[in-house]
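Colleague: So here's my_file12.cif, just mmCIF, C-alpha atoms and all ligand atoms:
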```cif
data_entry
#
loop_
_atom_site.label_atom_id
_atom_site.label_comp_id
_atom_site.auth_asym_id
_atom_site.auth_seq_id
_atom_site.Cartn_x
_atom_site.Cartn_y
_atom_site.Cartn_z
CA MET P 1 0.00 0.00 0.00
CA GLU P 2 1.15 3.54 -0.73
CA TYR P 3 0.16 6.55 1.37
CA THR P 4 -0.44 10.24 0.89
CA LYS P 5 -0.07 13.10 3.38
CA LEU P 6 -3.00 15.43 4.05
CA ASN P 7 -2.64 19.19 4.62
CA ASN P 8 -2.64 18.59 8.41
CA GLY P 9 0.16 15.99 8.21
CA VAL P 10 -2.10 12.92 8.62
CA ILE P 11 -1.13 9.97 6.43
CA MET P 12 -3.82 8.07 4.52
CA PRO P 13 -3.79 5.10 2.11
CA LYS P 14 -4.08 5.93 -1.59
CA ILE P 15 -6.62 3.14 -2.14
CA GLY P 16 -9.59 2.47 0.14
CA TYR P 17 -12.45 0.02 0.30
CA GLY P 18 -15.89 1.45 -0.55
CA LEU P 19 -18.93 0.22 1.35
CA LEU P 20 -21.93 1.70 -0.45
CA ASP P 21 -24.85 -0.73 -0.96
CA VAL P 22 -23.39 -3.40 1.32
CA ASP P 23 -26.58 -3.51 3.34
CA ASP P 24 -26.86 -7.02 4.71
CA PRO P 25 -24.92 -7.13 8.04
CA ASN P 26 -23.42 -10.59 7.46
CA THR P 27 -22.37 -9.76 3.91
CA CYS P 28 -20.88 -6.49 5.12
CA GLU P 29 -18.97 -8.07 7.99
CA GLN P 30 -17.56 -10.74 5.71
CA ALA P 31 -16.68 -8.21 2.99
CA VAL P 32 -14.77 -6.01 5.44
CA GLN P 33 -12.96 -9.02 6.85
CA MET P 34 -11.97 -10.06 3.33
CA ALA P 35 -10.90 -6.52 2.45
CA LEU P 36 -8.71 -6.22 5.54
CA LYS P 37 -7.20 -9.62 4.78
CA ALA P 38 -6.51 -8.48 1.20
CA GLY P 39 -4.57 -5.50 2.59
CA TYR P 40 -7.06 -2.61 2.58
CA ARG P 41 -6.67 -0.29 5.56
CA LEU P 42 -8.95 2.57 4.54
CA LEU P 43 -12.67 1.76 4.94
CA ASP P 44 -15.18 4.24 3.50
CA THR P 45 -18.60 4.03 5.14
CA ALA P 46 -21.34 6.56 5.93
CA VAL P 47 -24.31 6.92 8.24
CA ALA P 48 -26.47 6.70 5.11
CA TYR P 49 -24.99 3.30 4.16
CA GLY P 50 -26.58 1.78 7.28
CA ASN P 51 -23.66 -0.60 7.83
CA GLU P 52 -21.49 1.09 10.47
CA GLU P 53 -22.36 -1.58 13.06
CA ALA P 54 -21.29 -4.45 10.80
CA VAL P 55 -18.12 -2.56 9.85
CA GLY P 56 -17.36 -2.12 13.56
CA GLN P 57 -17.87 -5.85 14.19
CA ALA P 58 -15.44 -6.74 11.41
CA ILE P 59 -12.84 -4.25 12.67
CA GLN P 60 -13.02 -5.72 16.17
CA LYS P 61 -12.72 -9.28 14.91
CA SER P 62 -9.73 -8.40 12.71
CA GLN P 63 -7.61 -7.63 15.80
CA LEU P 64 -5.57 -5.24 13.66
CA ASP P 65 -3.87 -2.32 15.44
CA ARG P 66 -6.25 0.61 15.47
CA GLU P 67 -3.42 2.92 14.31
CA SER P 68 -2.97 0.86 11.13
CA LEU P 69 -6.57 1.54 10.05
CA PHE P 70 -8.07 4.62 8.44
CA ILE P 71 -11.82 4.71 9.09
CA THR P 72 -14.04 7.21 7.30
CA THR P 73 -17.69 7.97 7.89
CA LYS P 74 -19.98 10.72 6.58
CA VAL P 75 -22.61 12.96 8.16
CA TRP P 76 -25.96 12.70 6.41
CA VAL P 77 -28.06 15.75 5.38
CA GLN P 78 -30.71 14.95 8.00
CA ASP P 79 -27.99 15.37 10.67
CA ALA P 80 -26.80 18.74 9.38
CA GLY P 81 -26.37 21.44 12.04
CA TYR P 82 -24.12 21.82 15.07
CA GLU P 83 -25.99 19.76 17.68
CA ALA P 84 -27.33 17.10 15.31
CA THR P 85 -23.87 16.51 13.83
CA LYS P 86 -22.25 16.16 17.26
CA GLN P 87 -24.84 13.54 18.17
CA ALA P 88 -24.57 11.79 14.81
CA ILE P 89 -20.79 11.48 15.09
CA GLN P 90 -21.05 10.07 18.60
CA LYS P 91 -23.56 7.51 17.28
CA SER P 92 -21.16 6.60 14.47
CA LEU P 93 -18.35 6.12 17.00
CA ASP P 94 -20.61 3.89 19.11
CA LYS P 95 -21.74 1.80 16.15
CA LEU P 96 -18.21 1.44 14.82
CA LYS P 97 -17.01 0.70 18.40
CA LEU P 98 -14.22 3.23 18.04
CA THR P 99 -12.88 5.96 20.30
CA TYR P 100 -11.84 8.16 17.37
CA LEU P 101 -12.43 8.43 13.62
CA ASP P 102 -9.71 9.03 11.05
CA LEU P 103 -11.90 11.04 8.71
CA VAL P 104 -15.40 12.49 8.87
CA LEU P 105 -16.94 14.04 5.75
CA ILE P 106 -20.06 16.13 5.25
CA HIS P 107 -21.85 13.85 2.79
CA PHE P 108 -23.59 16.57 0.72
CA PRO P 109 -23.59 20.39 0.73
CA PHE P 110 -27.22 20.68 1.85
CA GLY P 111 -28.88 21.72 5.12
CA ASP P 112 -27.00 23.62 7.83
CA TYR P 113 -23.61 22.21 6.94
CA TYR P 114 -21.78 25.23 8.37
CA GLY P 115 -23.17 24.17 11.75
CA SER P 116 -21.92 20.64 11.00
CA TRP P 117 -18.51 22.01 10.14
CA ARG P 118 -18.24 23.85 13.48
CA ALA P 119 -19.13 20.62 15.30
CA MET P 120 -16.50 18.75 13.29
CA GLU P 121 -13.89 21.44 13.98
CA GLU P 122 -14.53 21.05 17.72
CA LEU P 123 -14.30 17.25 17.58
CA TYR P 124 -11.13 17.56 15.50
CA GLU P 125 -9.58 19.87 18.08
CA ALA P 126 -10.67 17.49 20.85
CA GLY P 127 -8.84 14.62 19.10
CA LYS P 128 -12.00 12.62 18.29
CA ILE P 129 -11.41 12.98 14.52
CA ARG P 130 -7.97 13.03 12.88
CA ALA P 131 -9.10 14.72 9.65
CA ILE P 132 -12.25 16.51 8.48
CA GLY P 133 -13.53 17.09 5.00
CA VAL P 134 -16.43 17.18 2.61
CA SER P 135 -18.00 15.16 -0.15
CA ASN P 136 -19.85 16.26 -3.27
CA PHE P 137 -18.82 19.89 -2.73
CA TYR P 138 -18.66 21.43 -6.20
CA ALA P 139 -16.18 24.28 -6.63
CA ALA P 140 -18.35 27.19 -5.40
CA ARG P 141 -19.39 25.34 -2.21
CA LEU P 142 -15.85 24.14 -1.54
CA VAL P 143 -14.24 27.55 -1.96
CA ASP P 144 -16.94 29.20 0.15
CA LEU P 145 -16.39 26.74 3.01
CA TYR P 146 -12.63 27.05 2.66
CA LEU P 147 -12.81 30.84 2.91
CA ASN P 148 -15.12 30.83 5.93
CA ALA P 149 -13.87 27.87 7.97
CA LYS P 150 -11.43 28.15 10.87
CA ILE P 151 -10.04 24.71 10.04
CA LYS P 152 -9.69 24.15 6.30
CA PRO P 153 -11.10 20.94 4.80
CA MET P 154 -8.50 18.24 4.24
CA ILE P 155 -10.47 16.17 1.68
CA ASN P 156 -13.16 16.53 -0.96
CA GLN P 157 -14.69 13.22 -2.10
CA LEU P 158 -16.19 13.44 -5.60
CA GLU P 159 -17.17 11.09 -8.39
CA MET P 160 -14.00 10.83 -10.49
CA ASN P 161 -13.25 8.22 -13.13
CA PRO P 162 -11.96 8.24 -16.72
CA LEU P 163 -15.46 8.97 -18.08
CA TYR P 164 -16.07 11.78 -15.59
CA GLN P 165 -12.70 13.21 -14.68
CA GLN P 166 -13.62 16.50 -13.00
CA ASN P 167 -10.36 18.16 -14.00
CA ASP P 168 -11.60 21.69 -13.20
CA ALA P 169 -12.79 20.62 -9.74
CA LEU P 170 -9.51 18.83 -9.14
CA LYS P 171 -7.52 21.93 -10.05
CA VAL P 172 -9.49 23.95 -7.49
CA MET P 173 -8.75 21.30 -4.84
CA LYS P 174 -5.05 21.18 -5.70
CA ASP P 175 -4.80 24.99 -5.51
CA LEU P 176 -6.30 24.87 -1.99
CA ASN P 177 -4.18 21.87 -0.95
CA ILE P 178 -7.30 19.75 -0.43
CA GLN P 179 -6.84 16.04 -1.16
CA GLY P 180 -9.13 14.69 -3.89
CA GLU P 181 -10.79 11.35 -3.18
CA ALA P 182 -12.64 9.47 -5.94
CA TRP P 183 -15.97 7.79 -5.41
CA ARG P 184 -17.23 5.40 -8.12
CA PRO P 185 -13.66 5.16 -9.52
CA LEU P 186 -14.66 2.21 -11.72
CA SER P 187 -17.84 3.88 -13.04
CA ARG P 188 -19.50 0.71 -11.71
CA GLY P 189 -18.44 -0.81 -15.03
CA ARG P 190 -21.05 1.27 -16.82
CA HIS P 191 -20.94 2.31 -20.47
CA ASN P 192 -18.83 -0.77 -21.22
CA ILE P 193 -15.86 1.02 -19.68
CA PHE P 194 -14.06 -2.27 -18.99
CA GLY P 195 -14.22 -2.95 -22.76
CA ASN P 196 -13.01 0.51 -23.79
CA GLN P 197 -10.31 -0.05 -26.43
CA VAL P 198 -7.98 2.71 -25.18
CA LEU P 199 -8.02 1.21 -21.68
CA VAL P 200 -7.84 -2.38 -22.93
CA ASP P 201 -4.71 -1.55 -24.98
CA ILE P 202 -3.03 0.15 -22.02
CA ALA P 203 -3.96 -2.75 -19.71
CA GLU P 204 -2.51 -5.30 -22.14
CA LYS P 205 0.74 -3.34 -22.40
CA TYR P 206 1.31 -3.59 -18.63
CA GLN P 207 -0.33 -7.03 -18.26
CA LYS P 208 -2.88 -5.49 -15.92
CA THR P 209 -6.69 -5.30 -16.01
CA VAL P 210 -8.74 -2.28 -17.08
CA PRO P 211 -9.96 -1.64 -13.48
CA GLN P 212 -6.31 -1.62 -12.35
CA VAL P 213 -5.46 0.94 -15.06
CA MET P 214 -8.45 3.09 -14.02
CA LEU P 215 -7.35 3.07 -10.37
CA ARG P 216 -3.69 3.66 -11.19
CA TRP P 217 -4.68 6.64 -13.37
CA ASN P 218 -6.52 8.30 -10.47
CA VAL P 219 -3.69 7.59 -8.03
CA GLN P 220 -1.08 8.90 -10.47
CA ARG P 221 -2.91 12.20 -10.84
CA GLY P 222 -2.85 12.52 -7.04
CA VAL P 223 -6.33 11.22 -6.21
CA VAL P 224 -7.18 8.62 -3.54
CA ALA P 225 -9.58 6.02 -5.00
CA LEU P 226 -12.29 3.94 -3.29
CA PRO P 227 -13.21 0.87 -5.37
CA LYS P 228 -15.91 -1.43 -4.08
CA SER P 229 -16.09 -5.16 -4.74
CA LEU P 230 -17.69 -8.07 -2.92
CA ASN P 231 -15.51 -10.54 -4.76
CA ALA P 232 -12.23 -11.58 -3.07
CA GLN P 233 -10.28 -11.84 -6.34
CA ARG P 234 -11.42 -8.45 -7.60
CA MET P 235 -10.78 -6.90 -4.18
CA ALA P 236 -7.19 -8.16 -4.31
CA GLN P 237 -6.81 -7.04 -7.94
CA ASN P 238 -7.95 -3.50 -7.09
CA ILE P 239 -5.11 -2.90 -4.64
CA ASP P 240 -2.46 -4.58 -6.75
CA ILE P 241 -1.53 -1.42 -8.63
CA TRP P 242 1.88 -0.52 -7.22
CA ASP P 243 4.12 -2.50 -9.61
CA PHE P 244 3.49 -0.46 -12.75
CA SER P 245 3.36 3.16 -13.78
CA LEU P 246 1.36 4.73 -16.63
CA SER P 247 3.41 6.76 -19.11
CA GLN P 248 2.56 10.39 -19.83
CA LYS P 249 1.16 9.27 -23.19
CA ASP P 250 -1.15 6.77 -21.43
CA MET P 251 -2.29 9.52 -19.05
CA ASP P 252 -2.94 11.85 -22.03
CA ASN P 253 -4.89 9.13 -23.89
CA ILE P 254 -7.03 8.46 -20.81
CA GLU P 255 -7.64 12.20 -20.43
CA MET P 256 -9.26 12.14 -23.88
CA LEU P 257 -11.93 9.68 -22.62
CA ASP P 258 -13.54 12.38 -20.45
CA SER P 259 -17.22 12.68 -21.43
CA LYS P 260 -17.69 15.39 -18.76
CA GLU P 261 -21.02 13.71 -18.04
CA THR P 262 -22.30 11.53 -15.23
CA ASP P 263 -25.30 9.25 -14.66
CA SER P 264 -25.53 10.58 -11.09
CA PRO P 265 -28.07 13.29 -10.20
CA SER P 266 -26.79 16.85 -10.71
CA LEU P 267 -25.59 18.41 -7.46
CA THR P 268 -26.71 21.83 -8.62
CA SER P 269 -30.29 20.92 -9.57
CA ALA P 270 -33.34 22.01 -7.56
CA GLU P 271 -34.62 18.42 -7.67
CA THR P 272 -31.48 17.00 -6.01
CA ALA P 273 -31.54 19.64 -3.25
CA LYS P 274 -35.19 18.80 -2.57
CA GLN P 275 -34.72 15.02 -2.68
CA LEU P 276 -31.67 14.96 -0.42
CA ASN P 277 -33.30 17.29 2.13
CA GLU P 278 -36.34 14.98 2.22
CA TRP P 279 -34.38 11.72 2.39
CA LYS P 280 -34.77 10.64 6.03
CA ILE P 281 -32.60 7.75 7.10
CA HIS P 282 -33.63 7.69 10.77
CA ASP P 283 -36.47 9.00 13.00
N1 LIG Y 1 -19.62 10.32 -1.27
C1 LIG Y 1 -20.56 9.84 -2.04
O1 LIG Y 1 -21.60 10.49 -2.27
C2 LIG Y 1 -20.38 8.51 -2.68
C3 LIG Y 1 -21.24 8.11 -3.73
C4 LIG Y 1 -21.02 6.87 -4.32
C5 LIG Y 1 -19.98 6.05 -3.87
N2 LIG Y 1 -19.18 6.45 -2.82
C6 LIG Y 1 -18.07 5.59 -2.31
O2 LIG Y 1 -17.31 5.10 -3.42
C7 LIG Y 1 -17.28 3.67 -3.37
C8 LIG Y 1 -17.16 3.07 -4.76
O3 LIG Y 1 -18.22 3.48 -5.60
P1 LIG Y 1 -19.30 2.46 -6.18
O4 LIG Y 1 -19.45 1.37 -5.16
O5 LIG Y 1 -20.50 3.21 -6.55
O6 LIG Y 1 -18.68 1.95 -7.55
P2 LIG Y 1 -17.27 1.40 -8.16
O7 LIG Y 1 -16.30 1.11 -7.10
O8 LIG Y 1 -16.90 2.33 -9.25
O9 LIG Y 1 -17.76 0.04 -8.85
C9 LIG Y 1 -18.21 -1.05 -8.10
C10 LIG Y 1 -18.70 -2.10 -9.07
O10 LIG Y 1 -17.63 -2.56 -9.90
C11 LIG Y 1 -17.46 -3.96 -9.77
N3 LIG Y 1 -16.02 -4.22 -9.71
C12 LIG Y 1 -15.17 -3.86 -8.71
N4 LIG Y 1 -13.91 -4.23 -9.00
C13 LIG Y 1 -13.95 -4.82 -10.20
C14 LIG Y 1 -12.97 -5.42 -11.03
N5 LIG Y 1 -11.69 -5.46 -10.66
N6 LIG Y 1 -13.37 -5.97 -12.21
C15 LIG Y 1 -14.66 -5.93 -12.58
N7 LIG Y 1 -15.65 -5.38 -11.84
C16 LIG Y 1 -15.29 -4.82 -10.66
C17 LIG Y 1 -18.16 -4.38 -8.50
O11 LIG Y 1 -18.75 -5.65 -8.64
P3 LIG Y 1 -18.29 -6.90 -7.70
O12 LIG Y 1 -18.69 -6.56 -6.31
O13 LIG Y 1 -19.08 -8.04 -8.28
O14 LIG Y 1 -16.81 -7.07 -7.89
C18 LIG Y 1 -19.25 -3.31 -8.37
O15 LIG Y 1 -20.41 -3.70 -9.07
C19 LIG Y 1 -18.60 3.33 -2.65
O16 LIG Y 1 -18.64 1.99 -2.22
C20 LIG Y 1 -18.60 4.37 -1.56
O17 LIG Y 1 -17.72 4.01 -0.51
C21 LIG Y 1 -19.38 7.66 -2.23
#
```
Please rewrite the model in this file as structure tokens.
Ligand SMILES: NC(=O)c1ccc[n+]([C@@H]2O[C@H](COP(=O)([O-])OP(=O)(O)OC[C@H]3O[C@@H](n4cnc5c(N)ncnc54)[C@H](OP(=O)(O)O)[C@@H]3O)[C@@H](O)[C@H]2O)c1
Modeller:
Amino acid sequence: MEYTKLNNGVIMPKIGYGLLDVDDPNTCEQAVQMALKAGYRLLDTAVAYGNEEAVGQAIQKSQLDRESLFITTKVWVQDAGYEATKQAIQKSLDKLKLTYLDLVLIHFPFGDYYGSWRAMEELYEAGKIRAIGVSNFYAARLVDLYLNAKIKPMINQLEMNPLYQQNDALKVMKDLNIQGEAWRPLSRGRHNIFGNQVLVDIAEKYQKTVPQVMLRWNVQRGVVALPKSLNAQRMAQNIDIWDFSLSQKDMDNIEMLDSKETDSPSLTSAETAKQLNEWKIHD
């Protein structure tokens, strides 16, 4: 595993294990156990994924040193605001059976997320969270928070893959020294990406798979990537990306695959703001 250093000096793995849609507790516990066995140390969960308890069980059973792990969770929109976020993070700690979190992100820039940020700043200063950041903050929201926050965000987690590269957003993050972290780094295999001829040719050249090339590309442009797989072989494959390096020409060819479009709902649409504000995940 290779590591990167955040703007506050904290070290984090460049590849993490994504836990979206791993709902069944037994499946989740087994998946995390397999991931840890395969060598993952960064686990990316969220209150909204509903699996923090199962993740906590797997962590306990692994008997790995707590310091070797990098555990991320995210504050949901319903828990936006100072008090609600403090309570939500304590609940996450309880469910994960941890005394501190490595990274807490604001899941979406909706609701009173400035109140959330103040709560996270306090918990950061109290040593309950080692790094704080955001997710799905498009440039205007990110810069606004950056300019108004006492403690600057360390991470912004965005959808980033060869079909949706977000180069402008990434430039903004790099200028502010905010680490980019890629969700859906494999595009979930959509649009026949694993059969894309440019990627297939590059993969064959290095005797790697297309998913490995996709992950290596993100890591090489300075982005942490969070692939998800429930399959032990694919899990192992997705972190076996340290023995090759893409040439500048490969990077340029991959850059040309950017469609600048995503299947995900637009973060700037009225409909998304309404839906995410109405999406209640607990009483
Ligand atoms: N912050 C946010 O709003 C947000 C939003 C979405 C996702 N995320 C995070 O990002 C993580 C990853 O995103 P994602 O789960 O949507 O998608 P993804 O990682 O891009 O793709 C996962 C899919 O690809 C398949 N796959 C994985 N490795 C493969 C390989 N080597 N070869 C072929 N197929 C492979 C998996 O199937 P198998 O299981 O069968 O291998 C799964 O169906 C999430 O789990 C979550 O932690 C965050």
Colleague: Between atom CA of Glu159 of chain P and atom CA of Trp183 of chain P, measure the distance and give it in Å to one decimal.
Modeller: 4.6 Å
Colleague: For atom CA of Met34 of chain P and atom O14 of ligand LIG 1 (chain Y), determine how far apart the two atoms are, in Å to one decimal place.
Modeller: 12.6 Å
Colleague: Might you pull out every residue within 12 Å of segment 47-53 of chain P, with only C-alpha atoms counted and same-chain residues fewer than 6 positions away left off, and present them as a PyMOL selection string?
Modeller: chain P and resi 18-29+31-32+59-60+71-79+85+87-98+104-108+276+279-282
Colleague: Show me, as a VMD selection string, the residues that have an atom within 7 Å of Ala58 of chain P when counting all atoms listed in the file, minus same-chain residues fewer than 3 positions from it.
Modeller: chain P and resid 29 32 to 33 54 to 55 61 to 62
Colleague: Write as a ChimeraX atom specification the residues around ligand LIG 1 (chain Y), taking 7 Å as the cut-off and counting only C-alpha atoms and all ligand atoms.
Modeller: /P:17-21,44-45,107,135-136,157-159,182-189,211-212,226-231,234-235,237-238
Colleague: Got a sec to check which residues sit within 9 Å of (-6.6, 8.7, -19.4), counting all atoms listed in the file, and write them as a list of chain:residue names?
Modeller: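 Answer for this query, in the requested form: P:Pro162, P:Leu163, P:Gln165, P:Val198, P:Leu199, P:Val213, P:Met214, P:Trp217, P:Asn218, P:Lys249, P:Asp250, P:Met251, P:Asp252, P:Asn253, P:Ile254, P:Glu255, P:Met256, P:Leu257, P:Asp258.
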Colleague: Env of Ala273 of chain P: 10 Å cut, atoms = all atoms listed in the file, seq-sep filter 4 positions within chain, self excluded. Answer as a VMD selection string.
Modeller: chain P and resid 108 to 111 266 to 269 277 to 278
Colleague: May I have a table of the residues of segment 36-101 of chain P lying at most 12 Å from segment 2-10 of chain P, giving each one's closest pair of atoms and their distance in Å to one decimal, counting all atoms listed in the file, ordered by chain and ascending residue number, as a tab-separated table?
Modeller:
```
residue	atom	partner	partner_atom	distance
P:Gly39	CA	P:Glu2	CA	11.2
P:Tyr40	CA	P:Glu2	CA	10.8
P:Arg41	CA	P:Tyr3	CA	10.5
P:Leu42	CA	P:Tyr3	CA	10.4
P:Glu67	CA	P:Val10	CA	11.6
P:Ser68	CA	P:Tyr3	CA	11.7
P:Phe70	CA	P:Val10	CA	10.2
```
Colleague: Write out as AutoDock Vina command-line options an axis-aligned box for segment 254-263 of chain P: all of its atoms listed in the file, 3 Å added on each side, centre and edge lengths in Å with one decimal.
Modeller:
```
--center_x -16.2 --center_y 11.9 --center_z -19.3 --size_x 24.3 --size_y 12.9 --size_z 15.2
```
Colleague: Considering only C-alpha atoms, can you say which of P:Tyr206, P:Ile129, P:Tyr164, P:Gly222 comes closest to Asn177 of chain P?
Modeller: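 Looking at the shortest contact to Asn177 of chain P, the residue is P:Gly222.
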Colleague: Rounded to one decimal in Å, what is the spacing between atom CA of Lys14 of chain P and atom CA of Val224 of chain P?
Modeller: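 Atom CA of Val224 of chain P lies 4.5 Å from atom CA of Lys14 of chain P.
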Colleague: When you count all atoms listed in the file, which of these residues is closest to Met173 of chain P: P:Thr272, P:Gln197, P:Asn156, P:Thr99?
Modeller: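 Comparing P:Thr272, P:Gln197, P:Asn156, P:Thr99 against Met173 of chain P, the winner is P:Asn156.
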Colleague: May I ask which of the residues P:Ala126, P:Ala131, P:Leu69, P:Val210 is the closest one to Gly195 of chain P, counting all atoms listed in the file?
Modeller: P:Val210
Colleague: Give me, as a list of chain:residue names, all polymer residues having an atom no more than 10 Å from Leu142 of chain P, counting all atoms listed in the file and skipping those fewer than 4 positions away in the same chain.
Modeller: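 Using all atoms listed in the file, the neighbours found are P:Pro109, P:Gly133, P:Val134, P:Ser135, P:Asn136, P:Phe137, P:Tyr138, P:Tyr146, P:Leu147, P:Lys152, P:Pro153, P:Asn156, P:Ala169, P:Val172, P:Met173, P:Leu176, P:Ile178.
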Colleague: Some atoms are absent from segment 17-29 of chain P, so rebuild N, CA and C atoms and return them as a compact mmCIF listing (two decimals), in the frame of the given file.
Modeller:
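Written out: result23.txt:
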```
# COMPACT_ATOMS: atom_id res chain seq x y z
N TYR P 17 -11.37 0.97 0.63
CA TYR P 17 -12.45 0.02 0.30
C TYR P 17 -13.81 0.70 0.50
N GLY P 18 -14.59 0.78 -0.60
CA GLY P 18 -15.89 1.45 -0.55
C GLY P 18 -16.99 0.53 -0.08
N LEU P 19 -17.91 1.07 0.72
CA LEU P 19 -18.93 0.22 1.35
C LEU P 19 -20.37 0.63 1.05
N LEU P 20 -20.56 1.34 -0.05
CA LEU P 20 -21.93 1.70 -0.45
C LEU P 20 -22.70 0.45 -0.91
N ASP P 21 -23.97 0.37 -0.52
CA ASP P 21 -24.85 -0.73 -0.96
C ASP P 21 -24.41 -2.10 -0.45
N VAL P 22 -23.69 -2.11 0.67
CA VAL P 22 -23.39 -3.40 1.32
C VAL P 22 -24.29 -3.41 2.56
N ASP P 23 -25.56 -3.73 2.32
CA ASP P 23 -26.58 -3.51 3.34
C ASP P 23 -26.70 -4.66 4.34
N ASP P 24 -26.65 -5.87 3.83
CA ASP P 24 -26.86 -7.02 4.71
C ASP P 24 -25.70 -7.12 5.72
N PRO P 25 -25.99 -7.16 7.04
CA PRO P 25 -24.92 -7.13 8.04
C PRO P 25 -23.91 -8.26 7.89
N ASN P 26 -24.39 -9.49 7.59
CA ASN P 26 -23.42 -10.59 7.46
C ASN P 26 -22.53 -10.40 6.25
N THR P 27 -23.15 -10.01 5.14
CA THR P 27 -22.37 -9.76 3.91
C THR P 27 -21.34 -8.68 4.17
N CYS P 28 -21.77 -7.63 4.86
CA CYS P 28 -20.88 -6.49 5.12
C CYS P 28 -19.71 -6.92 6.00
N GLU P 29 -20.04 -7.64 7.08
CA GLU P 29 -18.97 -8.07 7.99
C GLU P 29 -17.95 -8.94 7.26
```
